[in-house]
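Worksheet for the structure shown next.
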Amino acid sequence: MTVLVYKKGKWDDPSNWRPISLCSTMYKLYASCLPSRITEWSVSSGAISSTQKGFMSCKGCYEHNFVLQTIIETARRARRQCTVAWLDLANAFGSMSHHHIFATLQEFGMPENFLHVIREVYEGCSTTIRSVEGETAEIRTWNGVKQGCPLSPIIFNFAMEPLLRAISNGADGFNLHGERVSILAYADDLALTADDPENLQRMLDATSRAADWMGLRLNAKKCASFHIDGSKRDSVQATEFQIQGEPVIPLAEGQAYRHCSTLTGFRVRQIPEDTIQEILQDAAKIDTSLLAPWQKINALNTFLIPHISFVLRGSAVAKVPLNKADKITRQLVKKWLFLPQRANNELVYTAHRHGGLNVPPMGDLCDIAVITHAFLLLTCPDTMVRSIAANALHDATKKRIGRAPSNQDTASFLSGSLDGEFRWDGSDIASLWSHARNASRRLGKRIGCHWEWCEEHQELGVLVPQIRSEGNTIVTPTARGMLERTLKAAIHSLYMEALKHKPDQGKAFELTSNWDASNHFLAGGGFTRFADWRFIHRTRLNCVPLNRAVRHGNRDKLCRKCGYSSETLPHILCSCRPHSRAWQLRHNAIQNHLVKAIAPRLGEVAVNGAIPSTDSQLRPDVVVTNKAQKKIILVDIKVSFENRTPAFREARACKLEKYAPLADTLRAKGYKVQLDALIIGALGAWDPCNERVLRTCGIGRSNTWLMRHLMVLDTNRWSRDIYIEHITDHRQYQEV
């Protein structure tokens, strides 16, 4: 079934509507089992050219854009000629005849079982068009690959292969560091390269003949050409080329062609201002939507940040537009968190598991993207791309130091070294390698990352220190996909450490960042109220309006409830006596969760009672007694404010010291006693030592996960109610 979706222009013009095909779900499930098998066969047999990157398991957009940029840079540096033509096929996916598809698959020797399945899929296929007046009669389709079918991408690549081979046969292409580059294909997006206009025109003529034979048309108005002569003062030449008898638009200096989402040209300003503007507009739409606050942040991280990251990796982007976008994004995130703008920015940049929002700053995102792009190219599985990248890096390093570089020299160059001969500017043109060098130097100053050459394995790697723990991580070519994630984790840890050392706003985060159970509700809002989610961010940063928080003027700092000399958040949540009943209910909520989860096999459970057969007046919160085995478990619960790490350590030591005499008395009576304390922060910090308590109580793994979450959320809920009652003087709970 085909559904028409309006795009733009006049409503009564069918060309302004995009057809979207809907296939049977069962059919798509069956068809999705085949593409990986066919692709594996096509790569191993060489049926699909290595120049075709579309729908293949590679970073094709990045690789093609790099090769094109390197061709232009080489022509400028070596004062050579280069010509490029970008071709746009009109309705390529819908124009391939089924006869051509079957003939091509058979010609390339596709196994008969695959070929039989594809024939079954395409023979006798039809569609209906759905409109407001109902569905049309069935329309037989004789051309094009099926839209929405998992098999279509790899079938389209096979159908395009005769065109690619017709262009590359006999083409000289452009000699780039010993590699002949003639055609770069990404599905139906083609870029032809040659070292002089005559060769490029011959390639365009071959393209025209092959396209005519295949029944394809090229949209000359959307094609573009480019001619550089680096030996002349005016390097860009207005050379005209033709395709299928129509002129191709020549690009002038400063003009760009958007190839694989990246602006390519001679001395082109690659700042994706339109993309940045689109992202900011989408962020504004997210802001005005009815999504929950955490859903808005997830939408930003899931859709908008990867979009800008994709563009940054293949472009040379100035930081000023990025900083403006970063400022607007940061303000929106703080608005969604109900934080004042004076709140520390580090919270926005910190990872979810450490209590942050996981929104990276644009500048860091750009540096990480450039370093990752350079590393992926140097370790690319495509031998041609890898060779071009290695030779281009060699030339850039040689230009910097004035001699043939060693492998260690290239690592020092990429690390941004300014020692010795690296401190001199070689007057080289800007390239990916100079951008990667600058990015490595900036990040190296902050997180200590740098490039290293390993003589033993003869490979280049990136060393990333672990900020939160001792040791380093070296990302090697075999783990090339981990570099971006490793650098982001190091940056997140950097901001987390900076936030923890803030004298005022970092006290709570020193404890909440230690265990992801303290922050499990931040990303998805699970099991929590909107009011609690809004409350917890402000209180952890100590950005709530209290008398002691006023920094200017002579305003009274006394507690409005009990008259204590300093009205602070720790005082309200843990010391202000008018809220003692609420503290008890908060304590009981945690206690009830623990009691319900204790394994019955451990013995009889008693709550807040004196222990028989002893003279002690102490009443532990939870006592588990197994008289048959002469075992007793004593657990006392404490809600302590997150006043840095010593707060939890002292609270636990105080509880153990208090009940130590009782434990000694029971041991003297022949009991095996296990004494411990369960400590939870008033703002939801989970003490890692609590894990030992849960294991002692015989709580299984799944229940342990649930207990952490429920105890943290109940603590947050009661703390919020205590604070609101303190400020508004309205009771927030009911006695049960």
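So you can find residues: chains in the structure tokens are A, B, ... in the order shown, residues in each start at 1, and ligands are numbered from 1 in order.
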
**Message:** Among range 499-736 of chain A, which ones does DSSP assign to helix (DSSP H, G or I) (computed from the backbone)? Answer as a ChimeraX atom specification.
**Reply:** /A:499-500,509-512,516-524,530-540,547-549,569-574,577-597,600-602,645-668,690-696,701-728

Which polymer residues have any atom within 12 Å of an atom of Leu322 in chain A, counting only C-alpha atoms, with same-chain residues fewer than 6 positions away left out, as a PDB file with N, CA and C atoms, in the first residue's frame?
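So selection01.pdb came out as:
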```
ATOM      1  N   ILE A 271      31.100  25.765   8.538  1.00  0.00           N
ATOM      2  CA  ILE A 271      30.266  25.850   9.732  1.00  0.00           C
ATOM      3  C   ILE A 271      28.826  25.510   9.360  1.00  0.00           C
ATOM      4  N   PRO A 272      28.253  24.480   9.940  1.00  0.00           N
ATOM      5  CA  PRO A 272      26.877  24.066   9.588  1.00  0.00           C
ATOM      6  C   PRO A 272      25.844  24.953  10.287  1.00  0.00           C
ATOM      7  N   GLU A 273      25.827  26.219   9.918  1.00  0.00           N
ATOM      8  CA  GLU A 273      24.954  27.156  10.611  1.00  0.00           C
ATOM      9  C   GLU A 273      23.479  26.778  10.452  1.00  0.00           C
ATOM     10  N   THR A 275      22.295  23.746  10.085  1.00  0.00           N
ATOM     11  CA  THR A 275      22.040  22.591  10.946  1.00  0.00           C
ATOM     12  C   THR A 275      21.921  23.008  12.403  1.00  0.00           C
ATOM     13  N   ILE A 276      22.818  23.891  12.841  1.00  0.00           N
ATOM     14  CA  ILE A 276      22.751  24.380  14.223  1.00  0.00           C
ATOM     15  C   ILE A 276      21.436  25.096  14.467  1.00  0.00           C
ATOM     16  N   GLN A 277      21.004  25.898  13.484  1.00  0.00           N
ATOM     17  CA  GLN A 277      19.751  26.623  13.637  1.00  0.00           C
ATOM     18  C   GLN A 277      18.563  25.659  13.700  1.00  0.00           C
ATOM     19  N   ILE A 279      18.630  22.613  14.815  1.00  0.00           N
ATOM     20  CA  ILE A 279      18.673  21.940  16.114  1.00  0.00           C
ATOM     21  C   ILE A 279      18.111  22.845  17.207  1.00  0.00           C
ATOM     22  N   LEU A 280      18.457  24.126  17.158  1.00  0.00           N
ATOM     23  CA  LEU A 280      17.936  25.060  18.153  1.00  0.00           C
ATOM     24  C   LEU A 280      16.424  25.227  18.005  1.00  0.00           C
ATOM     25  N   ILE A 308      24.060  16.875  15.569  1.00  0.00           N
ATOM     26  CA  ILE A 308      25.159  17.834  15.487  1.00  0.00           C
ATOM     27  C   ILE A 308      26.499  17.111  15.538  1.00  0.00           C
ATOM     28  N   SER A 309      26.573  15.985  16.269  1.00  0.00           N
ATOM     29  CA  SER A 309      27.816  15.219  16.339  1.00  0.00           C
ATOM     30  C   SER A 309      28.193  14.652  14.975  1.00  0.00           C
ATOM     31  N   VAL A 311      27.501  15.964  12.049  1.00  0.00           N
ATOM     32  CA  VAL A 311      27.984  17.053  11.205  1.00  0.00           C
ATOM     33  C   VAL A 311      29.381  17.495  11.636  1.00  0.00           C
ATOM     34  N   LEU A 312      29.633  17.528  12.939  1.00  0.00           N
ATOM     35  CA  LEU A 312      30.921  18.000  13.441  1.00  0.00           C
ATOM     36  C   LEU A 312      32.056  17.079  13.037  1.00  0.00           C
ATOM     37  N   ALA A 316      35.097  21.186   9.408  1.00  0.00           N
ATOM     38  CA  ALA A 316      35.968  22.057  10.199  1.00  0.00           C
ATOM     39  C   ALA A 316      35.107  23.203  10.713  1.00  0.00           C
ATOM     40  N   ILE A 328      22.435  28.380  24.656  1.00  0.00           N
ATOM     41  CA  ILE A 328      20.972  28.266  24.561  1.00  0.00           C
ATOM     42  C   ILE A 328      20.506  26.903  25.061  1.00  0.00           C
ATOM     43  N   THR A 329      21.205  25.845  24.676  1.00  0.00           N
ATOM     44  CA  THR A 329      20.836  24.497  25.116  1.00  0.00           C
ATOM     45  C   THR A 329      20.951  24.368  26.626  1.00  0.00           C
ATOM     46  N   ARG A 330      22.020  24.915  27.181  1.00  0.00           N
ATOM     47  CA  ARG A 330      22.220  24.831  28.630  1.00  0.00           C
ATOM     48  C   ARG A 330      21.109  25.558  29.393  1.00  0.00           C
ATOM     49  N   PRO A 360      26.459  16.885  26.575  1.00  0.00           N
ATOM     50  CA  PRO A 360      27.844  17.355  26.468  1.00  0.00           C
ATOM     51  C   PRO A 360      27.914  18.771  25.925  1.00  0.00           C
ATOM     52  N   PRO A 361      28.899  19.569  26.352  1.00  0.00           N
ATOM     53  CA  PRO A 361      29.087  20.898  25.758  1.00  0.00           C
ATOM     54  C   PRO A 361      29.528  20.771  24.306  1.00  0.00           C
ATOM     55  N   MET A 362      29.083  21.696  23.469  1.00  0.00           N
ATOM     56  CA  MET A 362      29.344  21.606  22.032  1.00  0.00           C
ATOM     57  C   MET A 362      30.837  21.635  21.717  1.00  0.00           C
ATOM     58  N   GLY A 363      31.601  22.442  22.457  1.00  0.00           N
ATOM     59  CA  GLY A 363      33.035  22.516  22.194  1.00  0.00           C
ATOM     60  C   GLY A 363      33.721  21.186  22.414  1.00  0.00           C
ATOM     61  N   ASP A 364      33.418  20.520  23.527  1.00  0.00           N
ATOM     62  CA  ASP A 364      33.999  19.204  23.797  1.00  0.00           C
ATOM     63  C   ASP A 364      33.507  18.181  22.780  1.00  0.00           C
ATOM     64  N   LEU A 365      32.247  18.286  22.410  1.00  0.00           N
ATOM     65  CA  LEU A 365      31.689  17.370  21.416  1.00  0.00           C
ATOM     66  C   LEU A 365      32.434  17.496  20.093  1.00  0.00           C
ATOM     67  N   CYS A 366      32.783  18.718  19.727  1.00  0.00           N
ATOM     68  CA  CYS A 366      33.511  18.958  18.484  1.00  0.00           C
ATOM     69  C   CYS A 366      34.914  18.354  18.551  1.00  0.00           C
ATOM     70  N   ASP A 367      35.634  18.582  19.659  1.00  0.00           N
ATOM     71  CA  ASP A 367      36.991  18.040  19.795  1.00  0.00           C
ATOM     72  C   ASP A 367      36.977  16.515  19.781  1.00  0.00           C
TER      73      ASP A 367
END
```

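If only C-alpha atoms are the atoms counted, then among A:Ser21, A:Ser182, A:Lys8, A:Arg77 the closest residue to Gln52 in chain A is A:Ser182.
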
**Request:** Mind giving me the straight-line distance from CA of Gly254 in chain A to CA of Val236 in chain A in Å, one decimal?
**Result:**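 Taking CA of Gly254 in chain A as the start and CA of Val236 in chain A as the end point, the length is 9.6 Å.
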
**Distance criterion (only C-alpha atoms): nearest to Pro306 in chain A out of A:Ala498, A:Val359, A:Val370, A:Ala610** = A:Val359

**Near-Phe338 in chain A list (8 Å; only C-alpha atoms; drop same-chain fewer than 6 positions) as a PyMOL selection string** = chain A and resi 534+537-538

**Prompt:** With only C-alpha atoms as the atoms that count, which of A:Ile401, A:Cys449, A:Ala651, A:Asn407 lies nearest to Gly420 in chain A?
**Reply:**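 Result for the nearest residue to Gly420 in chain A: A:Ile401.
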
**Item:** Shell of 7 Å around range 140-142 of chain A, only C-alpha atoms, local chain residues under 5 positions omitted, as a PyMOL selection string
**Value:** chain A and resi 97-98+125-127
